[in-house]
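*Asks:* structure_17.cif (mmCIF, C-alpha atoms) pasted underneath:
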data_input
loop_
_atom_site.label_atom_id
_atom_site.label_comp_id
_atom_site.auth_asym_id
_atom_site.auth_seq_id
_atom_site.Cartn_x
_atom_site.Cartn_y
_atom_site.Cartn_z
CA MET A 50 16.22 4.75 17.78
CA PHE A 51 16.04 0.93 17.96
CA ASN A 52 16.19 0.35 21.71
CA LEU A 53 12.86 -1.15 22.75
CA LYS A 54 12.43 -1.29 26.48
CA LYS A 55 9.12 -3.09 26.16
CA LYS A 56 8.23 -5.40 23.31
CA SER A 57 4.54 -6.12 23.12
CA PHE A 58 3.48 -7.62 19.83
CA LYS A 59 0.01 -8.64 21.01
CA LYS A 60 -1.44 -5.77 18.98
CA PHE A 61 0.86 -6.24 16.00
CA ASP A 62 -1.17 -6.03 12.78
CA PHE A 63 -0.63 -9.58 11.58
CA LEU A 64 -3.57 -9.27 9.19
CA LEU A 65 -1.76 -6.51 7.26
CA LEU A 66 1.44 -8.54 7.19
CA PHE A 67 -0.31 -11.75 6.09
CA SER A 68 -2.23 -9.95 3.33
CA VAL A 69 1.06 -8.53 2.01
CA ILE A 70 2.75 -11.95 2.18
CA ALA A 71 -0.17 -13.43 0.21
CA LEU A 72 0.05 -10.64 -2.37
CA CYS A 73 3.82 -11.15 -2.77
CA VAL A 74 3.45 -14.91 -3.26
CA PHE A 75 0.57 -14.33 -5.67
CA GLY A 76 2.71 -11.84 -7.58
CA LEU A 77 5.70 -14.17 -7.86
CA ILE A 78 3.48 -16.97 -9.18
CA MET A 79 1.91 -14.73 -11.80
CA ILE A 80 5.24 -13.20 -12.88
CA LYS A 81 6.62 -16.73 -13.31
CA SER A 82 3.65 -17.64 -15.50
CA ALA A 83 3.77 -14.36 -17.45
CA THR A 84 7.50 -14.72 -18.23
CA LEU A 85 7.45 -18.46 -18.96
CA SER A 86 7.51 -17.77 -22.69
CA PHE A 87 10.57 -15.52 -22.28
CA ASP A 88 12.62 -18.53 -21.14
CA ASN A 89 14.57 -16.27 -18.81
CA PRO A 90 14.53 -16.82 -15.01
CA LYS A 91 15.88 -13.33 -14.23
CA TYR A 92 12.42 -11.82 -13.81
CA VAL A 93 11.33 -14.15 -11.03
CA LYS A 94 14.79 -14.04 -9.41
CA THR A 95 14.89 -10.24 -9.40
CA GLN A 96 11.37 -10.01 -7.96
CA ALA A 97 12.13 -12.67 -5.33
CA ILE A 98 15.33 -10.91 -4.24
CA ALA A 99 13.50 -7.57 -3.99
CA THR A 100 10.73 -9.24 -1.97
CA ILE A 101 13.12 -10.91 0.49
CA LEU A 102 15.08 -7.67 0.90
CA GLY A 103 11.75 -5.89 1.40
CA PHE A 104 10.83 -8.14 4.34
CA PHE A 105 14.18 -7.39 5.98
CA ILE A 106 13.44 -3.70 5.56
CA ILE A 107 10.00 -4.23 7.11
CA LEU A 108 11.66 -5.86 10.14
CA ILE A 109 14.00 -2.88 10.56
CA LEU A 110 11.17 -0.36 10.22
CA VAL A 111 8.98 -2.26 12.69
CA LEU A 112 11.72 -2.03 15.30
CA MET A 113 12.27 1.65 14.55
CA ASP A 114 10.33 4.50 16.09
CA TYR A 115 8.64 6.09 13.08
CA GLN A 116 9.08 9.51 14.72
CA PHE A 117 12.75 9.22 13.76
CA LEU A 118 11.70 9.58 10.13
CA GLY A 119 9.92 12.81 11.00
CA LYS A 120 13.12 14.27 12.40
CA LEU A 121 14.76 13.68 9.02
CA TYR A 122 11.97 15.18 6.92
CA ILE A 123 14.08 18.03 5.52
CA PRO A 124 17.03 15.84 4.40
CA ILE A 125 14.55 13.32 2.95
CA TYR A 126 12.76 16.07 1.03
CA VAL A 127 16.02 17.53 -0.31
CA VAL A 128 17.34 14.12 -1.44
CA CYS A 129 14.03 13.41 -3.20
CA ASN A 130 14.20 16.60 -5.22
CA LEU A 131 17.88 16.08 -6.03
CA LEU A 132 17.08 12.60 -7.36
CA LEU A 133 14.36 14.03 -9.60
CA LEU A 134 16.73 16.72 -10.85
CA ALA A 135 19.33 14.03 -11.58
CA VAL A 136 16.75 12.16 -13.66
CA LEU A 137 16.16 15.27 -15.75
CA VAL A 138 19.90 15.65 -16.39
CA VAL A 139 21.17 12.07 -16.83
CA GLY A 140 18.01 9.96 -16.73
CA VAL A 141 17.09 7.51 -19.48
CA GLY A 142 13.94 5.86 -20.72
CA ASP A 143 12.28 8.47 -22.90
CA GLU A 144 12.91 6.49 -26.10
CA GLN A 145 11.34 3.31 -24.71
CA TRP A 146 8.67 4.58 -22.29
CA GLY A 147 8.17 8.18 -23.37
CA ALA A 148 9.70 9.62 -20.17
CA LYS A 149 13.12 9.94 -18.56
CA SER A 150 12.39 8.01 -15.40
CA TRP A 151 15.43 5.76 -14.80
CA LEU A 152 18.84 6.38 -13.28
CA TYR A 153 21.58 3.86 -14.01
CA ILE A 154 24.44 3.47 -11.53
CA THR A 155 26.11 0.85 -13.74
CA LYS A 156 25.20 -0.47 -17.17
CA SER A 157 23.21 -3.31 -15.63
CA PHE A 158 21.89 -1.71 -12.44
CA GLY A 159 19.26 1.00 -12.57
CA PHE A 160 16.27 2.18 -10.56
CA GLN A 161 13.31 4.54 -10.78
CA PRO A 162 13.80 7.39 -8.30
CA SER A 163 10.14 8.40 -8.50
CA GLU A 164 9.13 5.19 -6.68
CA PHE A 165 11.23 6.15 -3.64
CA VAL A 166 10.34 9.82 -3.99
CA LYS A 167 6.68 8.88 -3.46
CA ILE A 168 7.56 7.55 -0.01
CA GLY A 169 9.96 10.40 0.73
CA LEU A 170 7.35 13.01 -0.13
CA ILE A 171 4.67 11.25 1.93
CA ILE A 172 7.00 11.23 4.96
CA SER A 173 8.20 14.83 4.56
CA LEU A 174 4.76 16.23 3.68
CA ALA A 175 3.14 14.40 6.61
CA LYS A 176 5.67 15.99 8.96
CA TYR A 177 5.28 19.41 7.36
CA ILE A 178 1.50 19.16 7.74
CA ASP A 179 1.96 18.07 11.36
CA ILE A 180 4.14 21.12 12.05
CA ASN A 181 1.62 23.48 10.45
CA LYS A 182 -1.61 21.72 11.48
CA GLU A 183 -2.79 24.50 13.78
CA HIS A 184 -2.69 27.06 10.96
CA ILE A 185 -3.32 24.82 7.94
CA ASN A 186 -6.40 26.83 6.88
CA GLU A 187 -4.63 30.16 6.92
CA PRO A 188 -4.00 31.15 3.26
CA PHE A 189 -0.26 31.79 3.65
CA THR A 190 0.35 28.53 5.54
CA LEU A 191 -1.72 26.52 3.06
CA LEU A 192 0.21 28.04 0.15
CA LYS A 193 3.49 27.05 1.85
CA VAL A 194 2.28 23.48 2.27
CA LEU A 195 1.08 23.32 -1.36
CA ALA A 196 4.39 24.68 -2.66
CA PHE A 197 6.23 22.14 -0.51
CA ALA A 198 4.04 19.31 -1.84
CA PHE A 199 3.97 20.20 -5.54
CA LEU A 200 7.63 20.97 -6.26
CA PRO A 201 8.37 17.24 -6.80
CA VAL A 202 5.21 16.97 -8.94
CA VAL A 203 6.52 19.71 -11.25
CA LEU A 204 9.82 17.83 -11.60
CA ILE A 205 7.94 14.60 -12.38
CA LEU A 206 5.94 16.39 -15.09
CA LYS A 207 9.21 17.62 -16.62
CA GLN A 208 10.30 14.02 -17.32
CA PRO A 209 7.42 13.94 -18.58
CA ASP A 210 5.55 11.28 -16.58
CA ALA A 211 1.91 12.28 -16.29
CA GLY A 212 0.82 8.91 -14.86
CA THR A 213 3.19 9.11 -11.89
CA ALA A 214 2.33 12.78 -11.40
CA MET A 215 -1.34 11.80 -11.03
CA VAL A 216 -0.40 9.37 -8.27
CA PHE A 217 1.35 12.21 -6.44
CA VAL A 218 -1.60 14.57 -6.83
CA PHE A 219 -4.00 11.92 -5.52
CA PHE A 220 -2.12 11.10 -2.32
CA ILE A 221 -1.34 14.79 -1.67
CA ALA A 222 -5.07 15.55 -1.90
CA ALA A 223 -5.87 12.68 0.48
CA MET A 224 -3.32 13.88 3.03
CA LEU A 225 -4.62 17.46 2.92
CA PHE A 226 -8.16 16.14 3.37
CA VAL A 227 -7.08 14.27 6.53
CA ALA A 228 -5.42 17.49 7.72
CA GLU A 229 -8.94 19.03 7.64
CA VAL A 230 -8.35 21.64 4.97
CA LYS A 231 -11.60 23.60 4.58
CA TRP A 232 -14.03 22.63 1.85
CA LYS A 233 -13.84 26.08 0.27
CA TYR A 234 -10.17 25.51 -0.49
CA ILE A 235 -10.91 22.02 -1.81
CA GLY A 236 -13.59 23.51 -4.08
CA MET A 237 -11.16 26.17 -5.30
CA ALA A 238 -8.56 23.49 -6.07
CA ILE A 239 -11.09 21.41 -8.02
CA GLY A 240 -12.18 24.51 -9.95
CA ALA A 241 -8.59 25.43 -10.76
CA GLY A 242 -7.92 21.87 -11.89
CA LEU A 243 -10.91 21.84 -14.23
CA ALA A 244 -10.01 25.26 -15.62
CA SER A 245 -6.47 24.08 -16.39
CA LEU A 246 -7.58 21.02 -18.40
CA PRO A 247 -7.43 22.77 -21.81
CA VAL A 248 -3.87 23.95 -21.09
CA LEU A 249 -2.83 20.48 -19.90
CA TRP A 250 -4.33 18.91 -23.03
CA PHE A 251 -2.07 20.92 -25.34
CA LYS A 252 0.96 20.06 -23.21
CA LEU A 253 0.39 16.32 -23.60
CA ASP A 254 2.67 14.41 -25.96
CA LYS A 255 1.15 12.76 -29.01
CA TYR A 256 1.26 9.25 -27.52
CA GLN A 257 -0.55 10.50 -24.40
CA ARG A 258 -3.36 12.00 -26.50
CA GLU A 259 -3.58 8.77 -28.48
CA ARG A 260 -4.15 6.84 -25.25
CA ILE A 261 -7.05 9.10 -24.33
CA PHE A 262 -8.57 8.84 -27.83
CA ASN A 263 -8.25 5.04 -27.65
CA PHE A 264 -9.92 5.04 -24.25
CA LEU A 265 -12.87 7.03 -25.61
CA GLU A 266 -13.05 4.95 -28.82
CA PRO A 267 -11.41 1.54 -28.19
CA GLU A 268 -11.78 0.27 -31.78
CA ARG A 269 -10.25 3.31 -33.50
CA ASP A 270 -6.69 1.92 -33.90
CA ILE A 271 -6.55 -1.66 -32.64
CA SER A 272 -3.67 -2.61 -34.93
CA ASN A 273 -1.38 0.10 -33.56
CA THR A 274 -1.86 2.44 -30.58
CA GLY A 275 -4.95 0.60 -29.31
CA TYR A 276 -3.48 -2.89 -29.67
CA GLN A 277 -2.39 -3.34 -26.05
CA ALA A 278 -5.73 -2.30 -24.56
CA MET A 279 -7.70 -4.51 -26.94
CA GLN A 280 -5.54 -7.61 -26.37
CA GLY A 281 -5.75 -7.12 -22.62
CA LYS A 282 -9.55 -7.00 -22.68
CA ILE A 283 -9.77 -10.04 -24.96
CA ALA A 284 -7.48 -12.00 -22.62
CA ILE A 285 -9.53 -11.00 -19.57
CA GLY A 286 -12.79 -11.99 -21.27
CA SER A 287 -11.38 -15.34 -22.38
CA GLY A 288 -10.66 -16.28 -18.77
CA LYS A 289 -14.39 -16.37 -17.95
CA VAL A 290 -15.21 -17.53 -14.40
CA PHE A 291 -12.48 -20.05 -13.55
CA GLY A 292 -9.76 -19.17 -16.07
CA ARG A 293 -7.85 -21.26 -18.57
CA GLY A 294 -5.48 -22.53 -15.87
CA LEU A 295 -2.12 -21.36 -14.55
CA THR A 296 0.47 -21.18 -17.37
CA GLN A 297 -2.29 -22.14 -19.83
CA GLY A 298 -3.33 -18.69 -21.01
CA VAL A 299 -3.25 -18.48 -24.80
CA TYR A 300 -2.88 -14.69 -24.97
CA THR A 301 -0.35 -14.75 -22.14
CA GLN A 302 1.87 -17.63 -23.24
CA TYR A 303 1.88 -16.64 -26.93
CA ASN A 304 2.83 -13.04 -26.11
CA TYR A 305 -0.27 -11.34 -27.47
CA ILE A 306 -0.36 -9.05 -24.41
CA PRO A 307 2.34 -6.33 -24.42
CA ALA A 308 3.91 -5.59 -20.99
CA LYS A 309 2.15 -8.69 -19.62
CA HIS A 310 4.60 -9.06 -16.69
CA THR A 311 4.50 -5.37 -15.72
CA ASP A 312 1.60 -2.99 -16.46
CA PHE A 313 -0.78 -5.67 -17.77
CA ILE A 314 -0.20 -8.39 -15.17
CA PHE A 315 -3.90 -8.24 -14.20
CA ALA A 316 -4.81 -9.46 -17.69
CA VAL A 317 -2.65 -12.53 -17.01
CA VAL A 318 -4.41 -13.11 -13.68
CA ALA A 319 -7.86 -12.83 -15.26
CA GLU A 320 -7.06 -15.03 -18.27
CA GLU A 321 -5.41 -17.85 -16.35
CA LEU A 322 -7.35 -17.71 -13.05
CA GLY A 323 -10.56 -16.15 -14.30
CA PHE A 324 -13.06 -13.98 -12.48
CA ILE A 325 -12.39 -15.91 -9.26
CA GLY A 326 -8.68 -15.11 -9.39
CA GLY A 327 -9.38 -11.43 -9.98
CA VAL A 328 -11.82 -11.28 -7.06
CA VAL A 329 -9.33 -12.99 -4.72
CA LEU A 330 -6.68 -10.44 -5.69
CA ILE A 331 -9.02 -7.49 -5.16
CA PHE A 332 -10.11 -8.95 -1.79
CA LEU A 333 -6.47 -9.12 -0.64
CA TYR A 334 -6.04 -5.48 -1.67
CA PHE A 335 -9.20 -4.59 0.27
CA ILE A 336 -7.82 -6.17 3.45
CA MET A 337 -4.48 -4.39 3.05
CA LEU A 338 -6.05 -0.97 2.47
CA GLN A 339 -8.50 -1.45 5.34
CA ARG A 340 -5.60 -2.14 7.72
CA PHE A 341 -3.74 0.97 6.54
CA ILE A 342 -6.84 3.08 7.18
CA LYS A 343 -7.43 1.50 10.60
CA ILE A 344 -3.84 2.23 11.65
CA ALA A 345 -4.26 5.82 10.44
CA LYS A 346 -7.50 6.26 12.43
CA ASN A 347 -5.90 4.87 15.58
CA SER A 348 -2.70 6.87 15.27
CA THR A 349 -1.97 9.16 18.17
CA ASP A 350 -0.60 12.01 16.05
CA MET A 351 -1.15 13.79 12.74
CA PHE A 352 2.25 12.71 11.41
CA GLY A 353 1.52 8.97 11.66
CA SER A 354 -2.06 9.35 10.46
CA CYS A 355 -1.08 11.43 7.41
CA MET A 356 1.67 9.01 6.44
CA CYS A 357 -0.64 5.98 6.53
CA ILE A 358 -3.41 7.75 4.62
CA GLY A 359 -0.90 8.99 2.03
CA MET A 360 0.40 5.46 1.50
CA ALA A 361 -3.11 3.99 1.39
CA ALA A 362 -4.09 6.62 -1.22
CA MET A 363 -0.98 5.82 -3.26
CA PHE A 364 -1.82 2.10 -3.26
CA LEU A 365 -5.49 2.79 -4.04
CA PHE A 366 -4.64 4.92 -7.07
CA HIS A 367 -2.25 2.28 -8.42
CA ILE A 368 -4.81 -0.49 -7.95
CA TRP A 369 -7.73 1.48 -9.39
CA GLU A 370 -5.82 2.84 -12.38
CA ASN A 371 -4.02 -0.40 -13.25
CA ILE A 372 -7.03 -2.68 -13.09
CA GLY A 373 -9.20 0.02 -14.65
CA MET A 374 -6.93 0.45 -17.66
CA THR A 375 -6.72 -3.30 -18.32
CA ILE A 376 -10.52 -3.66 -18.39
CA GLY A 377 -11.10 -0.44 -20.34
CA LEU A 378 -12.46 1.78 -17.56
CA MET A 379 -9.41 4.07 -17.45
CA PRO A 380 -6.90 5.34 -20.04
CA ILE A 381 -3.59 3.48 -20.22
CA THR A 382 -0.95 5.30 -18.17
CA GLY A 383 1.76 2.74 -17.45
CA ILE A 384 0.92 2.52 -13.73
CA PRO A 385 2.04 -0.86 -12.27
CA LEU A 386 0.02 -3.07 -9.92
CA PRO A 387 1.37 -3.21 -6.32
CA PHE A 388 3.10 -6.49 -5.32
CA MET A 389 2.08 -8.04 -8.66
CA SER A 390 3.88 -6.17 -11.45
CA TYR A 391 7.52 -7.02 -12.09
CA GLY A 392 9.94 -4.36 -10.86
CA GLY A 393 12.52 -4.45 -8.07
CA THR A 394 12.35 -0.73 -7.27
CA PHE A 395 8.56 -0.76 -7.16
CA GLN A 396 8.48 -3.84 -4.94
CA LEU A 397 10.95 -2.37 -2.45
CA ALA A 398 9.01 0.90 -2.31
CA ASN A 399 5.79 -0.98 -1.56
CA MET A 400 7.43 -3.00 1.21
CA ILE A 401 8.84 0.14 2.81
CA CYS A 402 5.30 1.55 3.00
CA VAL A 403 4.11 -1.59 4.77
CA GLY A 404 6.99 -1.41 7.26
CA ILE A 405 6.26 2.22 8.10
CA ALA A 406 2.55 1.50 8.61
CA LEU A 407 3.33 -1.43 10.92
CA SER A 408 5.68 0.83 12.90
CA VAL A 409 2.96 3.46 13.29
CA GLY A 410 0.53 0.79 14.47
CA LEU A 411 2.94 -0.65 17.03
CA HIS A 412 3.87 2.76 18.39
CA LYS A 413 0.18 3.50 18.96
CA GLU A 414 -0.18 0.28 20.92
CA GLY A 415 2.36 1.23 23.53
CA LEU A 416 5.83 0.24 22.43
CA SER A 417 8.32 2.22 24.46
CA PHE A 418 11.17 3.77 22.47
CA GLU A 419 14.06 5.33 24.31
CA LYS A 420 17.34 6.79 23.19
#
Show the structure stored in the file as structure tokens.
*Replies:*
Amino acid sequence: MFNLKKKSFKKFDFLLLFSVIALCVFGLIMIKSATLSFDNPKYVKTQAIATILGFFIILILVLMDYQFLGKLYIPIYVVCNLLLLAVLVVGVGDEQWGAKSWLYITKSFGFQPSEFVKIGLIISLAKYIDINKEHINEPFTLLKVLAFAFLPVVLILKQPDAGTAMVFVFFIAAMLFVAEVKWKYIGMAIGAGLASLPVLWFKLDKYQRERIFNFLEPERDISNTGYQAMQGKIAIGSGKVFGRGLTQGVYTQYNYIPAKHTDFIFAVVAEELGFIGGVVLIFLYFIMLQRFIKIAKNSTDMFGSCMCIGMAAMFLFHIWENIGMTIGLMPITGIPLPFMSYGGTFQLANMICVGIALSVGLHKEGLSFEK
């Protein structure tokens, strides 16, 4: 599994690694600034520990033949679904976040299984697509693949966590597109999705409907349910071109922005570093996503290609939705910003994705793996 007869790192994707390092450093700096008013160093320490651990995991994954993950796709899939079932039974968080999404091993140590389930499903679904690629457009085979893919989504919706479920649906769709599912099936799926919107609307909780109403009419309830969105936009606008300066943001440092170190970290970036800071961040994301897509295109097999595209789609949805909701282009869903938002589980999950992509890229370039 780890025995490398030939080590050739000439084609190692350093650009992907360097972009991720830059994003992690950027994130730590902004979390430190966002939590300065909390007078509690635990946020930066937790994020730093998760980041360092993440780089060790990247090293392990780079040395590992990614095909080994494919051999474990069934156990990975089963563990993922068991974790989601455990969340439904003993999970916590519904009182604070509106969804049971956390599992606590001890009183002080907890994690969000859905963050790791994203990776687990991408791995297992990529392998399942690879196994069935020759018959993917046969109705029975396609139904099997869809059932395989959407069982975890149903469990996520039971929490209920519609935001995370949307992430799953997006990367599943991207992976099926790469698997060359016929357009007629894609059209049928889009039609079914549109037809189900009225049913989904009545299944939304009150706070979820309020978020959509506030998105459509931002000024309708700015003192209550629309407060977070409005404060975020004001903070972003106040940053102008060059920002107020690091740790100098009025809305950030005086705690006008709710969830400023997690979901609304982009508002902190824009207020303190301005338009320039926001553009630099988006440019780093562009480089990272471009490298994921390049690795996927150059992959020698469907398994590696599907995994990289699934992970790129997952990152893209997080980036688009998070930045979009802070500037008023998307409804607020509680989706964090990769490598920037505070969260140990989320940070580790992101780093695992990077390690897997680097492994796929190295394997393509001729690393020899032997038992």
*Asks:* Would you mind listing what lies within 12 Å of A:Ile285 as a VMD selection string, with all atoms listed in the file counted and same-chain residues fewer than 4 positions away left out?
*Replies:* chain A and resid 278 to 281 289 to 293 298 to 301 306 309 313 to 327 372 374 to 377
*Asks:* Would you save the residues of that selection, restricted to C-alpha atoms, as a compact mmCIF listing (two decimals), in the coordinates of the input?
*Replies:*
# COMPACT_ATOMS: atom_id res chain seq x y z
CA ALA A 278 -5.73 -2.30 -24.56
CA MET A 279 -7.70 -4.51 -26.94
CA GLN A 280 -5.54 -7.61 -26.37
CA GLY A 281 -5.75 -7.12 -22.62
CA LYS A 289 -14.39 -16.37 -17.95
CA VAL A 290 -15.21 -17.53 -14.40
CA PHE A 291 -12.48 -20.05 -13.55
CA GLY A 292 -9.76 -19.17 -16.07
CA ARG A 293 -7.85 -21.26 -18.57
CA GLY A 298 -3.33 -18.69 -21.01
CA VAL A 299 -3.25 -18.48 -24.80
CA TYR A 300 -2.88 -14.69 -24.97
CA THR A 301 -0.35 -14.75 -22.14
CA ILE A 306 -0.36 -9.05 -24.41
CA LYS A 309 2.15 -8.69 -19.62
CA PHE A 313 -0.78 -5.67 -17.77
CA ILE A 314 -0.20 -8.39 -15.17
CA PHE A 315 -3.90 -8.24 -14.20
CA ALA A 316 -4.81 -9.46 -17.69
CA VAL A 317 -2.65 -12.53 -17.01
CA VAL A 318 -4.41 -13.11 -13.68
CA ALA A 319 -7.86 -12.83 -15.26
CA GLU A 320 -7.06 -15.03 -18.27
CA GLU A 321 -5.41 -17.85 -16.35
CA LEU A 322 -7.35 -17.71 -13.05
CA GLY A 323 -10.56 -16.15 -14.30
CA PHE A 324 -13.06 -13.98 -12.48
CA ILE A 325 -12.39 -15.91 -9.26
CA GLY A 326 -8.68 -15.11 -9.39
CA GLY A 327 -9.38 -11.43 -9.98
CA ILE A 372 -7.03 -2.68 -13.09
CA MET A 374 -6.93 0.45 -17.66
CA THR A 375 -6.72 -3.30 -18.32
CA ILE A 376 -10.52 -3.66 -18.39
CA GLY A 377 -11.10 -0.44 -20.34
*Asks:* Quote the spacing between atom CA of A:Asp114 and atom CA of A:Phe388 in Å to one decimal place.
*Replies:* 25.1 Å
*Asks:* Written as number ranges by chain, which residues does the PyMOL selection byres ((chain A and resi 230) around 12) give for the file shown?
*Replies:* A: 178, 181-188, 190-192, 194-195, 221-229, 231-238
*Asks:* Expand the PyMOL selection byres ((chain A and resi 404) around 8) into the individual residues it matches in the shown file, reporting them as a ChimeraX atom specification.
*Replies:* /A:106-111,400-403,405-408
*Asks:* Any idea what the distance is between atom CA of A:Val138 and atom CA of A:Trp151?
*Replies:*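 Separating atom CA of A:Val138 from atom CA of A:Trp151 is a distance of 11.0 Å.
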*Asks:* By how many Å are atom CA of A:Ala83 and atom CA of A:Gly392 apart?
*Replies:*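 Pair atom CA of A:Ala83 / atom CA of A:Gly392 returns 13.5 Å.
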